[in-house]
file target.pdb (PDB, C-alpha atoms)
ATOM      1  CA  MET A   7      41.129 -97.186 -10.153
ATOM      2  CA  ARG A   8      44.873 -97.416  -9.907
ATOM      3  CA  ASN A   9      45.308-100.266  -7.437
ATOM      4  CA  GLY A  10      41.802-101.655  -7.054
ATOM      5  CA  THR A  11      38.620-102.799  -8.722
ATOM      6  CA  VAL A  12      35.201-103.553  -7.271
ATOM      7  CA  MET A  13      34.312-107.255  -7.132
ATOM      8  CA  GLY A  14      30.738-107.681  -5.782
ATOM      9  CA  ASP A  15      30.743-106.812  -2.085
ATOM     10  CA  SER A  16      34.520-106.800  -1.892
ATOM     11  CA  VAL A  17      37.159-104.542  -3.359
ATOM     12  CA  LYS A  18      40.048-105.995  -5.330
ATOM     13  CA  VAL A  19      43.277-104.176  -4.502
ATOM     14  CA  LYS A  20      46.897-104.592  -5.474
ATOM     15  CA  ILE A  21      49.469-104.170  -2.716
ATOM     16  CA  PHE A  22      53.160-104.517  -3.503
ATOM     17  CA  GLY A  23      52.387-106.459  -6.674
ATOM     18  CA  GLN A  24      49.980-108.909  -5.070
ATOM     19  CA  GLU A  25      46.184-108.791  -5.506
ATOM     20  CA  TYR A  26      43.797-109.075  -2.569
ATOM     21  CA  ASN A  27      40.000-109.120  -2.280
ATOM     22  CA  ILE A  28      39.082-106.969   0.695
ATOM     23  CA  SER A  29      35.638-106.511   2.181
ATOM     24  CA  GLY A  30      34.719-104.551   5.245
ATOM     25  CA  ASP A  31      32.475-101.979   6.840
ATOM     26  CA  LYS A  32      34.321 -99.081   5.260
ATOM     27  CA  PRO A  33      33.224 -97.516   1.977
ATOM     28  CA  GLU A  34      35.049 -98.631  -1.152
ATOM     29  CA  ASP A  35      37.002 -95.386  -1.524
ATOM     30  CA  GLU A  36      38.368 -95.695   2.023
ATOM     31  CA  ILE A  37      39.444 -99.307   1.454
ATOM     32  CA  LEU A  38      41.219 -98.215  -1.713
ATOM     33  CA  LYS A  39      42.841 -95.311   0.100
ATOM     34  CA  ILE A  40      44.120 -97.605   2.878
ATOM     35  CA  ALA A  41      45.401-100.189   0.379
ATOM     36  CA  GLN A  42      47.156 -97.430  -1.592
ATOM     37  CA  TYR A  43      48.760 -96.180   1.624
ATOM     38  CA  VAL A  44      50.063 -99.657   2.523
ATOM     39  CA  ASP A  45      51.281-100.198  -1.046
ATOM     40  CA  ASN A  46      53.135 -96.860  -1.025
ATOM     41  CA  LYS A  47      54.712 -97.641   2.376
ATOM     42  CA  MET A  48      55.869-101.079   1.206
ATOM     43  CA  ARG A  49      57.342 -99.639  -1.980
ATOM     44  CA  LEU A  50      59.141 -96.910  -0.038
ATOM     45  CA  ILE A  51      60.593 -99.358   2.493
ATOM     46  CA  SER A  52      61.620-101.732  -0.315
ATOM     47  CA  LYS A  53      63.330 -98.840  -2.096
ATOM     48  CA  LEU A  54      65.091 -97.685   1.087
ATOM     49  CA  THR A  55      66.239-101.127   2.245
ATOM     50  CA  GLY A  56      66.764-102.805  -1.113
ATOM     51  CA  GLN A  57      65.193-105.967   0.326
ATOM     52  CA  THR A  58      61.852-107.606  -0.336
ATOM     53  CA  GLY A  59      61.699-110.365   2.296
ATOM     54  CA  SER A  60      61.520-108.092   5.330
ATOM     55  CA  VAL A  61      59.337-105.431   3.677
ATOM     56  CA  PRO A  62      56.013-106.667   5.185
ATOM     57  CA  THR A  63      57.470-106.772   8.702
ATOM     58  CA  LEU A  64      59.217-103.418   8.362
ATOM     59  CA  THR A  65      56.052-101.902   6.871
ATOM     60  CA  ALA A  66      53.973-103.290   9.733
ATOM     61  CA  LEU A  67      56.446-101.850  12.248
ATOM     62  CA  ASN A  68      56.504 -98.511  10.441
ATOM     63  CA  ILE A  69      52.714 -98.281  10.302
ATOM     64  CA  ALA A  70      52.456 -99.439  13.952
ATOM     65  CA  GLU A  71      54.896 -96.685  14.937
ATOM     66  CA  GLU A  72      52.784 -94.120  13.066
ATOM     67  CA  TYR A  73      49.689 -95.529  14.771
ATOM     68  CA  PHE A  74      51.168 -95.209  18.264
ATOM     69  CA  ASP A  75      52.531 -91.759  17.459
ATOM     70  CA  SER A  76      49.015 -90.822  16.369
ATOM     71  CA  LEU A  77      47.572 -92.228  19.612
ATOM     72  CA  SER A  78      50.089 -90.180  21.560
ATOM     73  CA  GLN A  79      49.179 -87.068  19.571
ATOM     74  CA  ILE A  80      45.485 -87.757  20.137
ATOM     75  CA  GLU A  81      46.080 -88.056  23.882
ATOM     76  CA  SER A  82      48.087 -84.825  23.877
ATOM     77  CA  LEU A  83      45.295 -83.132  21.946
ATOM     78  CA  ARG A  84      42.693 -84.492  24.393
ATOM     79  CA  ILE A  85      44.680 -83.078  27.301
ATOM     80  CA  ALA A  86      45.105 -79.759  25.484
ATOM     81  CA  ASN A  87      41.400 -79.764  24.620
ATOM     82  CA  LYS A  88      40.419 -80.364  28.261
ATOM     83  CA  GLN A  89      42.720 -77.532  29.322
ATOM     84  CA  THR A  90      41.225 -75.327  26.618
ATOM     85  CA  GLU A  91      37.731 -76.190  27.858
ATOM     86  CA  ARG A  92      38.755 -75.326  31.440
ATOM     87  CA  ASP A  93      40.354 -72.096  30.241
ATOM     88  CA  ASN A  94      37.272 -71.315  28.186
ATOM     89  CA  ALA A  95      34.995 -71.890  31.193
ATOM     90  CA  HIS A  96      37.262 -69.655  33.277
ATOM     91  CA  TYR A  97      37.196 -66.905  30.656
ATOM     92  CA  VAL A  98      33.420 -67.185  30.279
ATOM     93  CA  LYS A  99      33.127 -66.797  34.056
ATOM     94  CA  MET A 100      35.481 -63.804  33.965
ATOM     95  CA  LEU A 101      33.453 -62.303  31.115
ATOM     96  CA  GLU A 102      30.220 -62.707  33.093
ATOM     97  CA  GLU A 103      31.844 -61.122  36.141
ATOM     98  CA  SER A 104      33.131 -58.285  33.960
ATOM     99  CA  LYS A 105      29.643 -57.762  32.548
ATOM    100  CA  LYS A 106      28.221 -57.603  36.086
ATOM    101  CA  SER A 107      30.951 -55.173  37.146
ATOM    102  CA  TYR A 108      30.324 -53.066  34.057
ATOM    103  CA  ILE A 109      26.585 -52.955  34.774
ATOM    104  CA  GLN A 110      27.252 -52.030  38.413
ATOM    105  CA  ALA A 111      29.726 -49.336  37.377
ATOM    106  CA  LYS A 112      27.282 -48.001  34.802
ATOM    107  CA  GLU A 113      24.465 -47.906  37.374
ATOM    108  CA  LEU A 114      26.763 -46.176  39.865
ATOM    109  CA  ALA A 115      27.832 -43.649  37.218
ATOM    110  CA  GLU A 116      24.177 -42.938  36.397
ATOM    111  CA  LYS A 117      23.371 -42.564  40.107
ATOM    112  CA  LEU A 118      26.336 -40.234  40.635
ATOM    113  CA  GLN A 119      25.424 -38.237  37.561
ATOM    114  CA  LYS A 120      21.859 -37.881  38.868
ATOM    115  CA  GLU A 121      23.183 -36.831  42.287
ATOM    116  CA  GLN A 122      25.566 -34.384  40.623
ATOM    117  CA  SER A 123      22.689 -32.961  38.629
ATOM    118  CA  GLU A 124      20.614 -32.607  41.807
ATOM    119  CA  GLU A 125      23.538 -30.985  43.627
ATOM    120  CA  HIS A 126      24.089 -28.666  40.681
ATOM    121  CA  GLY A 127      20.409 -27.722  40.896
ATOM    122  CA  LYS A 128      20.749 -27.069  44.625
ATOM    123  CA  TYR A 129      23.898 -25.025  43.989
ATOM    124  CA  ALA A 130      22.140 -22.986  41.318
ATOM    125  CA  ASP A 131      19.219 -22.422  43.700
ATOM    126  CA  LEU A 132      21.584 -21.336  46.499
ATOM    127  CA  GLU A 133      23.459 -19.092  44.103
ATOM    128  CA  LYS A 134      20.153 -17.525  43.059
ATOM    129  CA  ARG A 135      19.127 -17.041  46.682
ATOM    130  CA  CYS A 136      22.550 -15.567  47.480
ATOM    131  CA  THR A 137      22.157 -13.114  44.608
ATOM    132  CA  GLU A 138      18.672 -12.237  45.892
ATOM    133  CA  TYR A 139      20.080 -11.678  49.400
ATOM    134  CA  GLU A 140      22.895  -9.557  47.998
ATOM    135  CA  ASN A 141      20.334  -7.518  46.087
ATOM    136  CA  SER A 142      18.214  -7.219  49.221
ATOM    137  CA  VAL A 143      21.237  -6.093  51.238
ATOM    138  CA  PHE A 144      22.113  -3.605  48.510
ATOM    139  CA  ASP A 145      18.527  -2.320  48.462
ATOM    140  CA  LEU A 146      18.566  -2.055  52.260
ATOM    141  CA  GLN A 147      21.886  -0.202  52.166
ATOM    142  CA  MET A 148      20.506   2.184  49.569
ATOM    143  CA  GLU A 149      17.375   2.673  51.628
ATOM    144  CA  ASN A 150      19.537   3.179  54.725
ATOM    145  CA  ILE A 151      21.607   5.834  52.925
ATOM    146  CA  GLN A 152      18.448   7.518  51.739
ATOM    147  CA  LEU A 153      16.938   7.420  55.227
ATOM    148  CA  LYS A 154      20.152   8.813  56.726
ATOM    149  CA  SER A 155      20.083  11.565  54.169
ATOM    150  CA  GLU A 156      16.475  12.384  54.999
ATOM    151  CA  LEU A 157      17.230  12.210  58.706
ATOM    152  CA  GLU A 158      20.120  14.632  58.288
ATOM    153  CA  LYS A 159      17.858  16.985  56.370
ATOM    154  CA  LEU A 160      15.283  16.775  59.090
ATOM    155  CA  ASN A 161      17.853  17.324  61.807
ATOM    156  CA  LYS A 162      19.089  20.514  60.218
TER
END

call {"tool": "encode", "arguments": {"input": "target.pdb", "output": "structure tokens"}}
result
Amino acid sequence: MRNGTVMGDSVKVKIFGQEYNISGDKPEDEILKIAQYVDNKMRLISKLTGQTGSVPTLTALNIAEEYFDSLSQIESLRIANKQTERDNAHYVKMLEESKKSYIQAKELAEKLQKEQSEEHGKYADLEKRCTEYENSVFDLQMENIQLKSELEKLNK
């Protein structure tokens, strides 16, 4: 381990050249990760400022700034998440309404198709009856012509 060794229930870490025994509720690897982060921050600030005396304070301020920025981001994400949940609920409601409308439209289309089929059947029946009537009229006309012809023969 680069900056730490396990010492019983505590973890021995090295931060900015100084060793510390740290124990806590976090697993060893997390403690080491946190210590490494602080060490890296202190080294960076020391490198940037060229000072060593104010490094702990500047590091604390830097990490506090990151912490509050993170809190602000978390709050923004919570707000965005709540809005997303509201939007999601709205879209789920719209989807359900769309499904109902689709089912109603489908049922109406089936009903209209059935009615159209029935009307088509009625139309076909009327067309058939019309053809039968036309044939009957034609037959009657032919019979009428024949009867007229016979009547003329009889009248002569």

call {"tool": "resolve_selection", "arguments": {"input": "target.pdb", "expression": "the PyMOL selection byres ((chain A and resi 56-66) around 12)", "output": "PyMOL selection string"}}
result
chain A and resi 21-23+43-55+67-73

call {"tool": "axis_aligned_box", "arguments": {"input": "target.pdb", "around": "segment 114-127 of chain A", "padding_each_side": "5 Å", "output": "AutoDock Vina command-line options"}}
result
--center_x 24.1 --center_y -36.9 --center_z 40.0 --size_x 17.4 --size_y 28.5 --size_z 17.2

call {"tool": "atom_distance", "arguments": {"input": "target.pdb", "atom1": "atom CA of Lys32 of chain A", "atom2": "atom CA of Ser16 of chain A"}}
result
10.5 Å

call {"tool": "atom_distance", "arguments": {"input": "target.pdb", "atom1": "atom CA of Ala41 of chain A", "atom2": "atom CA of Ile28 of chain A"}}
result
9.3 Å

call {"tool": "closest_atom_pairs", "arguments": {"input": "target.pdb", "of": "segment 51-137 of chain A", "to": "segment 142-156 of chain A", "cutoff": "12 Å", "atoms": "only C-alpha atoms", "output": "JSON lines"}}
result
{"residue": "A:Arg135", "atom": "CA", "partner": "A:Ser142", "partner_atom": "CA", "distance": 10.2}
{"residue": "A:Cys136", "atom": "CA", "partner": "A:Ser142", "partner_atom": "CA", "distance": 9.6}
{"residue": "A:Thr137", "atom": "CA", "partner": "A:Ser142", "partner_atom": "CA", "distance": 8.5}

call {"tool": "atom_distance", "arguments": {"input": "target.pdb", "atom1": "atom CA of Asp75 of chain A", "atom2": "atom CA of Lys18 of chain A"}}
result
29.6 Å

call {"tool": "closest_residue", "arguments": {"input": "target.pdb", "among": "A:Leu160, A:Val17, A:Ala111, A:Tyr139", "to": "Pro33 of chain A", "atoms": "only C-alpha atoms"}}
result
A:Val17
